[in-house]
$ cat protein-v8.cif   # mmCIF, C-alpha atoms
data_structure
loop_
_atom_site.label_atom_id
_atom_site.label_comp_id
_atom_site.auth_asym_id
_atom_site.auth_seq_id
_atom_site.Cartn_x
_atom_site.Cartn_y
_atom_site.Cartn_z
CA LYS A 262 6.45 -6.11 -2.42
CA ILE A 263 9.92 -7.37 -1.56
CA GLN A 264 9.83 -7.93 2.20
CA SER A 265 12.62 -10.39 3.00
CA LEU A 266 15.41 -7.80 2.67
CA GLN A 267 14.17 -6.21 5.90
CA GLU A 268 14.21 -9.42 7.96
CA GLY A 269 17.92 -9.44 8.80
CA LYS A 270 18.74 -12.86 7.34
CA VAL A 271 20.97 -13.51 4.33
CA VAL A 272 18.90 -13.59 1.15
CA PHE A 273 19.60 -13.83 -2.56
CA SER A 274 17.86 -13.00 -5.81
CA PHE A 275 18.21 -13.74 -9.54
CA GLU A 276 18.09 -11.64 -12.71
CA PHE A 277 16.93 -12.95 -16.10
CA PHE A 278 16.49 -11.44 -19.56
CA PRO A 279 13.89 -12.14 -22.30
CA PRO A 280 15.16 -14.78 -24.77
CA LYS A 281 14.90 -14.12 -28.50
CA THR A 282 13.02 -17.30 -29.46
CA GLU A 283 9.89 -19.13 -28.28
CA ASP A 284 11.96 -22.20 -27.44
CA GLY A 285 14.28 -19.96 -25.44
CA VAL A 286 11.34 -18.59 -23.47
CA ASP A 287 10.06 -22.10 -22.74
CA ASN A 288 13.51 -23.18 -21.58
CA LEU A 289 13.80 -20.08 -19.41
CA PHE A 290 10.56 -20.86 -17.59
CA GLU A 291 11.75 -24.41 -16.88
CA ARG A 292 15.03 -23.03 -15.55
CA MET A 293 13.27 -20.38 -13.49
CA ASP A 294 11.02 -22.99 -11.92
CA ARG A 295 14.03 -25.02 -10.79
CA MET A 296 15.85 -21.97 -9.45
CA VAL A 297 12.83 -20.46 -7.72
CA ALA A 298 12.45 -23.73 -5.81
CA HIS A 299 15.42 -22.53 -3.75
CA ASN A 300 13.36 -19.60 -2.42
CA PRO A 301 15.02 -16.41 -3.71
CA SER A 302 13.75 -13.19 -2.16
CA PHE A 303 12.77 -12.01 -5.65
CA CYS A 304 13.61 -12.39 -9.33
CA ASP A 305 13.78 -9.62 -11.90
CA ILE A 306 13.39 -9.51 -15.67
CA THR A 307 15.13 -6.95 -17.85
CA TRP A 308 13.27 -4.58 -20.16
CA GLY A 309 13.22 -4.81 -23.94
CA ALA A 310 12.99 -1.30 -25.33
CA GLY A 311 10.13 -1.04 -27.81
CA GLY A 312 7.90 -3.29 -29.88
CA SER A 313 7.45 -6.99 -29.35
CA THR A 314 10.44 -7.23 -26.99
CA ALA A 315 8.73 -4.92 -24.50
CA ASP A 316 5.54 -6.97 -24.79
CA LEU A 317 7.58 -10.11 -24.13
CA THR A 318 9.01 -8.59 -20.95
CA LEU A 319 5.49 -7.82 -19.73
CA ASP A 320 4.33 -11.35 -20.54
CA ILE A 321 7.30 -13.00 -18.84
CA ALA A 322 6.89 -10.80 -15.75
CA ASN A 323 3.22 -11.77 -15.51
CA LYS A 324 4.04 -15.49 -15.71
CA MET A 325 6.86 -15.16 -13.22
CA GLN A 326 4.51 -13.59 -10.69
CA ASN A 327 1.43 -15.73 -11.29
CA ILE A 328 2.61 -19.09 -12.64
CA ILE A 329 6.18 -19.47 -11.36
CA CYS A 330 4.92 -17.75 -8.18
CA VAL A 331 8.00 -15.72 -7.29
CA GLU A 332 8.10 -12.13 -6.10
CA THR A 333 8.83 -10.36 -9.38
CA MET A 334 10.54 -7.10 -10.20
CA MET A 335 10.35 -5.73 -13.74
CA HIS A 336 12.91 -3.39 -15.21
CA LEU A 337 11.48 -0.26 -16.84
CA THR A 338 13.59 2.15 -18.88
CA CYS A 339 13.14 5.54 -20.51
CA THR A 340 14.58 4.36 -23.86
CA ASN A 341 12.02 4.93 -26.64
CA MET A 342 9.29 5.23 -24.00
CA PRO A 343 6.94 8.23 -24.02
CA VAL A 344 4.95 8.57 -20.82
CA GLU A 345 1.91 6.85 -22.36
CA LYS A 346 3.91 3.67 -22.94
CA ILE A 347 5.43 3.90 -19.48
CA ASP A 348 2.00 4.13 -17.90
CA HIS A 349 0.72 1.27 -20.06
CA ALA A 350 3.53 -0.94 -18.76
CA LEU A 351 2.93 0.12 -15.15
CA GLN A 352 -0.84 -0.38 -15.39
CA THR A 353 -0.28 -3.81 -16.96
CA ILE A 354 1.97 -5.09 -14.21
CA LYS A 355 -0.24 -3.51 -11.54
CA SER A 356 -3.26 -5.39 -12.90
CA ASN A 357 -1.16 -8.57 -12.75
CA GLY A 358 -0.34 -8.05 -9.08
CA ILE A 359 3.31 -7.06 -9.58
CA GLN A 360 4.51 -4.42 -7.11
CA ASN A 361 8.23 -4.05 -7.85
CA VAL A 362 9.90 -1.92 -10.53
CA LEU A 363 13.56 -1.26 -11.28
CA ALA A 364 13.54 2.28 -12.70
CA LEU A 365 16.36 2.94 -15.17
CA ARG A 366 17.28 5.51 -17.77
CA GLY A 367 18.27 2.70 -20.11
CA ASP A 368 20.97 2.27 -22.71
CA PRO A 369 21.12 4.38 -25.89
CA PRO A 370 18.76 3.19 -28.65
CA HIS A 371 20.19 0.57 -30.98
CA GLY A 372 22.72 2.10 -33.35
CA GLN A 373 23.30 5.24 -31.28
CA ASP A 374 26.22 6.14 -29.04
CA LYS A 375 24.37 8.46 -26.67
CA PHE A 376 21.03 8.35 -24.91
CA VAL A 377 18.41 10.51 -26.59
CA GLN A 378 15.24 11.54 -24.77
CA VAL A 379 12.20 10.42 -26.76
CA GLU A 380 9.50 13.01 -27.37
CA GLY A 381 7.05 12.93 -24.48
CA GLY A 382 9.37 10.77 -22.39
CA PHE A 383 11.90 11.17 -19.60
CA SER A 384 15.59 11.96 -19.82
CA CYS A 385 16.74 10.14 -16.69
CA ALA A 386 15.84 7.57 -14.05
CA LEU A 387 15.20 10.32 -11.49
CA ASP A 388 12.28 11.66 -13.52
CA LEU A 389 10.93 8.12 -13.92
CA VAL A 390 11.07 7.56 -10.15
CA LYS A 391 9.27 10.85 -9.54
CA HIS A 392 6.57 9.93 -12.05
CA ILE A 393 5.95 6.50 -10.53
CA ARG A 394 5.69 7.91 -7.01
CA SER A 395 3.47 10.83 -7.97
CA LYS A 396 1.02 8.77 -10.04
CA TYR A 397 0.97 5.43 -8.21
CA GLY A 398 1.71 6.43 -4.64
CA ASP A 399 3.14 3.65 -2.49
CA TYR A 400 1.78 0.77 -4.59
CA PHE A 401 5.14 0.06 -6.20
CA GLY A 402 8.38 -0.71 -4.47
CA ILE A 403 10.94 1.19 -6.55
CA THR A 404 14.50 -0.02 -7.04
CA VAL A 405 17.24 2.04 -8.70
CA ALA A 406 20.71 1.24 -9.98
CA GLY A 407 23.87 2.12 -8.08
CA TYR A 408 27.31 2.30 -9.69
CA PRO A 409 30.24 1.47 -7.37
CA GLU A 410 32.70 2.82 -9.96
CA ALA A 411 30.33 5.63 -11.14
CA HIS A 412 27.99 5.45 -14.12
CA PRO A 413 29.77 4.33 -17.32
CA ASP A 414 29.02 7.73 -18.86
CA ALA A 415 31.10 9.32 -16.08
CA ILE A 416 34.10 7.02 -16.53
CA GLY A 417 36.92 8.42 -18.65
CA ASN A 418 38.98 6.80 -21.37
CA ASP A 419 41.48 5.73 -18.71
CA GLY A 420 38.78 3.54 -17.16
CA VAL A 421 38.39 5.64 -14.01
CA ALA A 422 35.92 8.32 -12.95
CA THR A 423 37.38 11.51 -11.55
CA PRO A 424 36.71 12.14 -7.84
CA GLU A 425 34.32 14.92 -8.83
CA ALA A 426 32.43 12.67 -11.28
CA TYR A 427 32.18 9.95 -8.62
CA GLN A 428 30.80 12.38 -6.03
CA ASN A 429 28.32 13.78 -8.55
CA ASP A 430 27.13 10.25 -9.27
CA LEU A 431 26.65 9.58 -5.55
CA ALA A 432 24.70 12.82 -5.17
CA TYR A 433 22.46 11.83 -8.07
CA LEU A 434 21.84 8.44 -6.48
CA LYS A 435 20.76 10.18 -3.28
CA ARG A 436 18.32 12.30 -5.29
CA LYS A 437 16.77 9.10 -6.68
CA VAL A 438 16.39 7.69 -3.18
CA ASP A 439 14.98 10.96 -1.84
CA ALA A 440 12.48 10.96 -4.73
CA GLY A 441 11.06 7.64 -3.58
CA ALA A 442 13.41 4.73 -4.32
CA ASP A 443 13.32 1.98 -1.69
CA LEU A 444 16.22 -0.19 -2.79
CA ILE A 445 19.53 0.02 -4.68
CA VAL A 446 20.93 -2.82 -6.78
CA THR A 447 24.46 -2.24 -8.00
CA GLN A 448 26.14 -2.59 -11.35
CA LEU A 449 28.39 -5.65 -11.62
CA PHE A 450 31.91 -5.37 -10.17
CA TYR A 451 34.87 -7.67 -9.57
CA ASP A 452 36.74 -5.68 -6.92
CA THR A 453 34.87 -6.13 -3.64
CA ASP A 454 36.81 -3.31 -1.97
CA ILE A 455 35.30 -0.89 -4.49
CA PHE A 456 31.81 -2.11 -3.59
CA LEU A 457 32.41 -1.87 0.16
CA LYS A 458 33.78 1.66 -0.23
CA PHE A 459 30.72 2.57 -2.29
CA VAL A 460 28.38 1.35 0.46
CA ASN A 461 30.27 3.35 3.07
CA ASP A 462 30.26 6.46 0.85
CA CYS A 463 26.49 6.11 0.40
CA ARG A 464 25.94 5.88 4.13
CA GLN A 465 28.11 8.94 4.70
CA ILE A 466 25.79 11.12 2.59
CA GLY A 467 22.57 9.80 4.12
CA ILE A 468 21.58 6.99 1.76
CA ASN A 469 20.13 4.50 4.24
CA CYS A 470 18.08 2.09 2.10
CA PRO A 471 19.34 -1.46 1.43
CA ILE A 472 22.18 -1.67 -1.11
CA VAL A 473 22.29 -5.02 -2.89
CA PRO A 474 25.53 -6.09 -4.60
CA GLY A 475 25.16 -7.28 -8.20
CA ILE A 476 27.27 -10.40 -8.78
CA MET A 477 27.83 -11.75 -12.29
CA PRO A 478 29.43 -15.23 -12.36
CA ILE A 479 32.02 -15.65 -15.12
CA ASN A 480 30.82 -18.37 -17.51
CA ASN A 481 32.66 -17.47 -20.70
CA TYR A 482 35.92 -15.61 -21.26
CA LYS A 483 34.87 -13.60 -24.33
CA GLY A 484 31.48 -12.83 -22.83
CA PHE A 485 33.19 -11.63 -19.65
CA LEU A 486 35.43 -9.25 -21.61
CA ARG A 487 32.49 -7.98 -23.66
CA MET A 488 30.32 -7.28 -20.60
CA THR A 489 33.04 -5.66 -18.50
CA GLY A 490 34.09 -3.57 -21.50
CA PHE A 491 30.54 -2.36 -22.07
CA CYS A 492 30.07 -1.50 -18.39
CA LYS A 493 33.63 -0.10 -18.04
CA THR A 494 34.19 -2.38 -15.06
CA LYS A 495 37.61 -2.47 -13.38
CA ILE A 496 39.15 -5.95 -13.42
CA PRO A 497 41.82 -6.64 -10.78
CA ALA A 498 45.15 -7.79 -12.23
CA GLU A 499 45.01 -11.17 -10.49
CA ILE A 500 41.68 -11.97 -12.14
CA ILE A 501 43.02 -11.05 -15.58
CA ALA A 502 46.08 -13.25 -15.01
CA ALA A 503 44.02 -16.20 -13.81
CA LEU A 504 41.65 -16.01 -16.78
CA GLU A 505 44.40 -15.53 -19.37
CA ALA A 506 45.91 -18.84 -18.30
CA ILE A 507 42.66 -20.78 -18.87
CA LYS A 508 40.78 -18.68 -21.45
CA ASP A 509 40.62 -21.52 -24.01
CA ASN A 510 39.24 -24.04 -21.49
CA GLU A 511 35.54 -23.27 -21.04
CA GLU A 512 35.03 -25.66 -18.13
CA ALA A 513 38.04 -24.24 -16.31
CA VAL A 514 36.72 -20.70 -16.84
CA LYS A 515 33.34 -21.69 -15.37
CA ALA A 516 35.00 -23.38 -12.39
CA TYR A 517 37.12 -20.29 -11.77
CA GLY A 518 34.01 -18.13 -12.11
CA VAL A 519 32.28 -20.14 -9.39
CA HIS A 520 35.34 -19.95 -7.14
CA LEU A 521 35.73 -16.21 -7.67
CA GLY A 522 32.02 -15.53 -7.18
CA THR A 523 32.02 -17.57 -3.98
CA GLU A 524 35.00 -15.72 -2.52
CA MET A 525 33.57 -12.32 -3.48
CA CYS A 526 30.27 -13.16 -1.78
CA ARG A 527 32.02 -14.50 1.32
CA LYS A 528 33.91 -11.25 1.73
CA ILE A 529 30.76 -9.19 1.20
CA LEU A 530 28.79 -11.25 3.72
CA ALA A 531 31.65 -11.02 6.22
CA HIS A 532 31.24 -7.22 6.15
CA GLY A 533 27.62 -7.44 7.26
CA ILE A 534 25.93 -7.23 3.87
CA LYS A 535 23.03 -9.70 3.92
CA THR A 536 21.80 -9.56 0.33
CA LEU A 537 23.18 -10.95 -2.94
CA HIS A 538 21.79 -10.35 -6.42
CA LEU A 539 23.03 -12.77 -9.09
CA TYR A 540 23.09 -11.72 -12.73
CA THR A 541 22.44 -15.19 -14.15
CA LEU A 542 22.48 -14.39 -17.89
CA ASN A 543 19.72 -17.04 -17.92
CA MET A 544 22.16 -19.74 -16.76
CA GLU A 545 21.58 -21.62 -13.54
CA LYS A 546 24.55 -23.87 -12.73
CA SER A 547 27.14 -21.27 -11.75
CA ALA A 548 24.69 -19.16 -9.74
CA LEU A 549 23.41 -22.17 -7.81
CA ALA A 550 26.93 -23.53 -7.29
CA ILE A 551 27.97 -20.25 -5.67
CA LEU A 552 24.95 -20.32 -3.36
CA MET A 553 25.64 -23.95 -2.44
CA ASN A 554 29.28 -23.12 -1.65
CA LEU A 555 28.02 -20.38 0.67
CA GLY A 556 25.64 -22.78 2.40
CA LEU A 557 22.62 -20.72 1.37
CA ILE A 558 20.96 -23.57 -0.50
CA GLU A 559 21.14 -27.35 -0.46
CA GLU A 560 20.77 -29.29 -3.68
CA SER A 561 18.77 -32.05 -2.00
CA LYS A 562 16.66 -29.87 0.26
CA ILE A 563 14.10 -27.57 -1.34
CA SER A 564 11.77 -25.83 1.09
CA ARG A 565 8.12 -25.37 0.16
CA SER A 566 5.29 -24.65 2.55
CA LEU A 567 2.80 -26.33 0.20
CA PRO A 568 2.99 -28.83 -2.67
CA TRP A 569 2.76 -25.70 -4.85
CA ARG A 570 4.43 -22.37 -4.20
CA ARG A 571 2.20 -19.68 -2.75
CA PRO A 572 1.21 -17.04 -5.32
CA ALA A 573 3.27 -13.85 -5.22
CA ASN A 574 0.39 -11.83 -6.70
CA VAL A 575 -0.79 -9.26 -4.13
CA PHE A 576 -4.40 -10.12 -5.01
CA ARG A 577 -3.91 -13.87 -4.36
CA VAL A 578 -1.77 -14.03 -1.22
CA LYS A 579 -4.52 -15.70 0.84
CA GLU A 580 -4.83 -18.71 -1.48
CA ASP A 581 -3.89 -21.97 0.21
CA ILE A 582 -4.92 -24.36 -2.55
CA ARG A 583 -3.66 -24.55 -6.10
CA PRO A 584 -5.51 -25.30 -9.33
CA ILE A 585 -4.90 -28.59 -11.10
CA PHE A 586 -2.42 -28.26 -13.95
CA TRP A 587 -2.71 -30.65 -16.89
CA CYS A 588 1.07 -30.99 -17.08
CA VAL A 589 1.19 -32.94 -13.80
CA ILE A 590 -1.81 -35.19 -14.35
CA ASP A 591 -1.32 -38.76 -15.51
CA VAL A 592 -2.22 -39.18 -19.20
CA GLU A 593 -4.84 -41.85 -18.46
CA LEU A 594 -6.48 -39.57 -15.90
CA GLN A 595 -6.52 -36.75 -18.44
CA CYS A 596 -8.33 -39.03 -20.89
CA LEU A 597 -10.83 -40.05 -18.21
CA TRP A 598 -11.58 -36.44 -17.34
CA LEU A 599 -12.01 -35.54 -20.99
CA TYR A 600 -14.39 -38.49 -21.41
CA ILE A 601 -16.46 -37.39 -18.40
CA PHE A 602 -16.50 -33.80 -19.64
CA SER A 603 -17.68 -34.92 -23.09
CA LEU A 604 -20.35 -37.17 -21.57
CA VAL A 605 -21.70 -34.33 -19.43
CA ARG A 606 -21.88 -32.08 -22.46
CA CYS A 607 -23.77 -34.73 -24.44
CA LEU A 608 -26.27 -35.24 -21.63
CA THR A 609 -26.76 -31.49 -21.38
CA VAL A 610 -27.49 -31.26 -25.09
CA LEU A 611 -29.97 -34.16 -24.88
CA ARG A 612 -31.82 -32.49 -22.01
CA VAL A 613 -32.07 -29.22 -23.92
CA THR A 614 -33.36 -30.89 -27.10
#
$ encode --input "protein-v8.cif" --output "structure tokens"
Amino acid sequence: KIQSLQEGKVVFSFEFFPPKTEDGVDNLFERMDRMVAHNPSFCDITWGAGGSTADLTLDIANKMQNIICVETMMHLTCTNMPVEKIDHALQTIKSNGIQNVLALRGDPPHGQDKFVQVEGGFSCALDLVKHIRSKYGDYFGITVAGYPEAHPDAIGNDGVATPEAYQNDLAYLKRKVDAGADLIVTQLFYDTDIFLKFVNDCRQIGINCPIVPGIMPINNYKGFLRMTGFCKTKIPAEIIAALEAIKDNEEAVKAYGVHLGTEMCRKILAHGIKTLHLYTLNMEKSALAILMNLGLIEESKISRSLPWRRPANVFRVKEDIRPIFWCVIDVELQCLWLYIFSLVRCLTVLRVT
């Protein structure tokens, strides 16, 4: 399970999503390996609702935990998921040594405007949290989503949730925590005052678990508008003005995104928050640049206790040696080993005959 959030030091984590192509998956693993070398507290992978995409999420989560060797959290949603499929996913990651789940209702199915409960499934994240706790006990650490501006469904056409809707959303979040959630990761935001108020409001109603701010670096102007529009995120006027002036210069947008992300994180850390969760969108440079600006990582100094990272799998935590991987063996040595292996097989056959 995720332990480092309780240690009192500043920690960070990364989110990734399943790519659509095999080459994209291969590239993602290479990128993950580089980013995990900087010792994040955990990494999470988003859920693909239904079919091969869901299977891909399960496969990526397994490799993150057991090959990349990072503490892994898998998203799990209620979208198109009857309880049998939910339990299949949970049993699969449990057998792979994964102990962290982000329990979500999920977005509406493709082509629909509103979430529809699938037959035999759950209608909300609260029911999913209750199911995980009742069936799997304390095996899983359960994370839930928090919404500093209220859930998008509660935000009106004017872009703001009413005070009543905001309070109802907070009360629902407390019910998720009371049902067994251990951790809250927030929706993206670009007004740090809104996040800090949200944390204080949570504490006022008795939500005492860690609340991790979700930070999404701006890498692309159109992508930024699309994501904030989908999430109904408030954008401060000064950010809109700064981006409008450079929107056609991709490198300038990325540089501004790093600067803005750095300043947001500095303000959050200055208020005693010791955790940062970076929505990477499968890109590494901006996320790592922000962490370097904060002094949380050094490009030239990567800390490892062993030549290989220790396994994150709960069943393998006592391992202190790593298997030999063909990818790091000299080609001539590979050929020699194959020759020896073939020779041994031939001798074995001769002895039998």
$ residues_around --input "protein-v8.cif" --residues "Glu291 of chain A" --least-positions-apart "6" --cutoff "12 Å" --atoms "only C-alpha atoms" --output "PyMOL selection string"
chain A and resi 284-285+297-298+324-325+328-329+543-545
$ resolve_selection --input "protein-v8.cif" --expression "the PyMOL selection byres ((chain A and resi 347-357) around 10)" --output "ChimeraX atom specification"
/A:315-316,318-320,322-324,326-327,333-335,337-339,341-346,358-362,382-383,389,392-393,396-397,400-401,574-576
$ write_last_selection --input "protein-v8.cif" --atoms "C-alpha atoms" --output "PDB file, in the coordinates of the input"
ATOM      1  CA  ALA A 315       8.730  -4.920 -24.500  1.00  0.00           C
ATOM      2  CA  ASP A 316       5.540  -6.970 -24.790  1.00  0.00           C
ATOM      3  CA  THR A 318       9.010  -8.590 -20.950  1.00  0.00           C
ATOM      4  CA  LEU A 319       5.490  -7.820 -19.730  1.00  0.00           C
ATOM      5  CA  ASP A 320       4.330 -11.350 -20.540  1.00  0.00           C
ATOM      6  CA  ALA A 322       6.890 -10.800 -15.750  1.00  0.00           C
ATOM      7  CA  ASN A 323       3.220 -11.770 -15.510  1.00  0.00           C
ATOM      8  CA  LYS A 324       4.040 -15.490 -15.710  1.00  0.00           C
ATOM      9  CA  GLN A 326       4.510 -13.590 -10.690  1.00  0.00           C
ATOM     10  CA  ASN A 327       1.430 -15.730 -11.290  1.00  0.00           C
ATOM     11  CA  THR A 333       8.830 -10.360  -9.380  1.00  0.00           C
ATOM     12  CA  MET A 334      10.540  -7.100 -10.200  1.00  0.00           C
ATOM     13  CA  MET A 335      10.350  -5.730 -13.740  1.00  0.00           C
ATOM     14  CA  LEU A 337      11.480  -0.260 -16.840  1.00  0.00           C
ATOM     15  CA  THR A 338      13.590   2.150 -18.880  1.00  0.00           C
ATOM     16  CA  CYS A 339      13.140   5.540 -20.510  1.00  0.00           C
ATOM     17  CA  ASN A 341      12.020   4.930 -26.640  1.00  0.00           C
ATOM     18  CA  MET A 342       9.290   5.230 -24.000  1.00  0.00           C
ATOM     19  CA  PRO A 343       6.940   8.230 -24.020  1.00  0.00           C
ATOM     20  CA  VAL A 344       4.950   8.570 -20.820  1.00  0.00           C
ATOM     21  CA  GLU A 345       1.910   6.850 -22.360  1.00  0.00           C
ATOM     22  CA  LYS A 346       3.910   3.670 -22.940  1.00  0.00           C
ATOM     23  CA  GLY A 358      -0.340  -8.050  -9.080  1.00  0.00           C
ATOM     24  CA  ILE A 359       3.310  -7.060  -9.580  1.00  0.00           C
ATOM     25  CA  GLN A 360       4.510  -4.420  -7.110  1.00  0.00           C
ATOM     26  CA  ASN A 361       8.230  -4.050  -7.850  1.00  0.00           C
ATOM     27  CA  VAL A 362       9.900  -1.920 -10.530  1.00  0.00           C
ATOM     28  CA  GLY A 382       9.370  10.770 -22.390  1.00  0.00           C
ATOM     29  CA  PHE A 383      11.900  11.170 -19.600  1.00  0.00           C
ATOM     30  CA  LEU A 389      10.930   8.120 -13.920  1.00  0.00           C
ATOM     31  CA  HIS A 392       6.570   9.930 -12.050  1.00  0.00           C
ATOM     32  CA  ILE A 393       5.950   6.500 -10.530  1.00  0.00           C
ATOM     33  CA  LYS A 396       1.020   8.770 -10.040  1.00  0.00           C
ATOM     34  CA  TYR A 397       0.970   5.430  -8.210  1.00  0.00           C
ATOM     35  CA  TYR A 400       1.780   0.770  -4.590  1.00  0.00           C
ATOM     36  CA  PHE A 401       5.140   0.060  -6.200  1.00  0.00           C
ATOM     37  CA  ASN A 574       0.390 -11.830  -6.700  1.00  0.00           C
ATOM     38  CA  VAL A 575      -0.790  -9.260  -4.130  1.00  0.00           C
ATOM     39  CA  PHE A 576      -4.400 -10.120  -5.010  1.00  0.00           C
TER      40      PHE A 576
END
$ atom_distance --input "protein-v8.cif" --atom1 "atom CA of Gly407 of chain A" --atom2 "atom CA of Leu363 of chain A"
11.3 Å
$ atom_distance --input "protein-v8.cif" --atom1 "atom CA of Tyr482 of chain A" --atom2 "atom CA of Asn510 of chain A"
9.1 Å
$ closest_residue --input "protein-v8.cif" --among "A:Val438, A:Leu521, A:Ile534, A:Val390" --to "Asn461 of chain A" --atoms "all atoms listed in the file"
A:Ile534
$ atom_distance --input "protein-v8.cif" --atom1 "atom CA of Asp287 of chain A" --atom2 "atom CA of Gly372 of chain A"
29.3 Å
$ resolve_selection --input "protein-v8.cif" --expression "the PyMOL selection byres ((chain A and resi 413) around 9)" --output "compact mmCIF listing (two decimals) with C-alpha atoms, in the frame of the given file"
# COMPACT_ATOMS: atom_id res chain seq x y z
CA TYR A 408 27.31 2.30 -9.69
CA GLU A 410 32.70 2.82 -9.96
CA ALA A 411 30.33 5.63 -11.14
CA HIS A 412 27.99 5.45 -14.12
CA ASP A 414 29.02 7.73 -18.86
CA ALA A 415 31.10 9.32 -16.08
CA ILE A 416 34.10 7.02 -16.53
CA GLY A 417 36.92 8.42 -18.65
CA ALA A 422 35.92 8.32 -12.95
CA PHE A 491 30.54 -2.36 -22.07
CA CYS A 492 30.07 -1.50 -18.39
CA LYS A 493 33.63 -0.10 -18.04
CA THR A 494 34.19 -2.38 -15.06
$ residues_near_point --input "protein-v8.cif" --point "(29.5, -9.7, -5.9)" --cutoff "12 Å" --atoms "only C-alpha atoms" --output "number ranges by chain"
A: 273, 409, 446-457, 472-479, 518-530, 534-540, 548, 551-552
$ write_last_selection --input "protein-v8.cif" --atoms "C-alpha atoms" --output "PDB file, in the coordinates of the input"
ATOM      1  CA  PHE A 273      19.600 -13.830  -2.560  1.00  0.00           C
ATOM      2  CA  PRO A 409      30.240   1.470  -7.370  1.00  0.00           C
ATOM      3  CA  VAL A 446      20.930  -2.820  -6.780  1.00  0.00           C
ATOM      4  CA  THR A 447      24.460  -2.240  -8.000  1.00  0.00           C
ATOM      5  CA  GLN A 448      26.140  -2.590 -11.350  1.00  0.00           C
ATOM      6  CA  LEU A 449      28.390  -5.650 -11.620  1.00  0.00           C
ATOM      7  CA  PHE A 450      31.910  -5.370 -10.170  1.00  0.00           C
ATOM      8  CA  TYR A 451      34.870  -7.670  -9.570  1.00  0.00           C
ATOM      9  CA  ASP A 452      36.740  -5.680  -6.920  1.00  0.00           C
ATOM     10  CA  THR A 453      34.870  -6.130  -3.640  1.00  0.00           C
ATOM     11  CA  ASP A 454      36.810  -3.310  -1.970  1.00  0.00           C
ATOM     12  CA  ILE A 455      35.300  -0.890  -4.490  1.00  0.00           C
ATOM     13  CA  PHE A 456      31.810  -2.110  -3.590  1.00  0.00           C
ATOM     14  CA  LEU A 457      32.410  -1.870   0.160  1.00  0.00           C
ATOM     15  CA  ILE A 472      22.180  -1.670  -1.110  1.00  0.00           C
ATOM     16  CA  VAL A 473      22.290  -5.020  -2.890  1.00  0.00           C
ATOM     17  CA  PRO A 474      25.530  -6.090  -4.600  1.00  0.00           C
ATOM     18  CA  GLY A 475      25.160  -7.280  -8.200  1.00  0.00           C
ATOM     19  CA  ILE A 476      27.270 -10.400  -8.780  1.00  0.00           C
ATOM     20  CA  MET A 477      27.830 -11.750 -12.290  1.00  0.00           C
ATOM     21  CA  PRO A 478      29.430 -15.230 -12.360  1.00  0.00           C
ATOM     22  CA  ILE A 479      32.020 -15.650 -15.120  1.00  0.00           C
ATOM     23  CA  GLY A 518      34.010 -18.130 -12.110  1.00  0.00           C
ATOM     24  CA  VAL A 519      32.280 -20.140  -9.390  1.00  0.00           C
ATOM     25  CA  HIS A 520      35.340 -19.950  -7.140  1.00  0.00           C
ATOM     26  CA  LEU A 521      35.730 -16.210  -7.670  1.00  0.00           C
ATOM     27  CA  GLY A 522      32.020 -15.530  -7.180  1.00  0.00           C
ATOM     28  CA  THR A 523      32.020 -17.570  -3.980  1.00  0.00           C
ATOM     29  CA  GLU A 524      35.000 -15.720  -2.520  1.00  0.00           C
ATOM     30  CA  MET A 525      33.570 -12.320  -3.480  1.00  0.00           C
ATOM     31  CA  CYS A 526      30.270 -13.160  -1.780  1.00  0.00           C
ATOM     32  CA  ARG A 527      32.020 -14.500   1.320  1.00  0.00           C
ATOM     33  CA  LYS A 528      33.910 -11.250   1.730  1.00  0.00           C
ATOM     34  CA  ILE A 529      30.760  -9.190   1.200  1.00  0.00           C
ATOM     35  CA  LEU A 530      28.790 -11.250   3.720  1.00  0.00           C
ATOM     36  CA  ILE A 534      25.930  -7.230   3.870  1.00  0.00           C
ATOM     37  CA  LYS A 535      23.030  -9.700   3.920  1.00  0.00           C
ATOM     38  CA  THR A 536      21.800  -9.560   0.330  1.00  0.00           C
ATOM     39  CA  LEU A 537      23.180 -10.950  -2.940  1.00  0.00           C
ATOM     40  CA  HIS A 538      21.790 -10.350  -6.420  1.00  0.00           C
ATOM     41  CA  LEU A 539      23.030 -12.770  -9.090  1.00  0.00           C
ATOM     42  CA  TYR A 540      23.090 -11.720 -12.730  1.00  0.00           C
ATOM     43  CA  ALA A 548      24.690 -19.160  -9.740  1.00  0.00           C
ATOM     44  CA  ILE A 551      27.970 -20.250  -5.670  1.00  0.00           C
ATOM     45  CA  LEU A 552      24.950 -20.320  -3.360  1.00  0.00           C
TER      46      LEU A 552
END
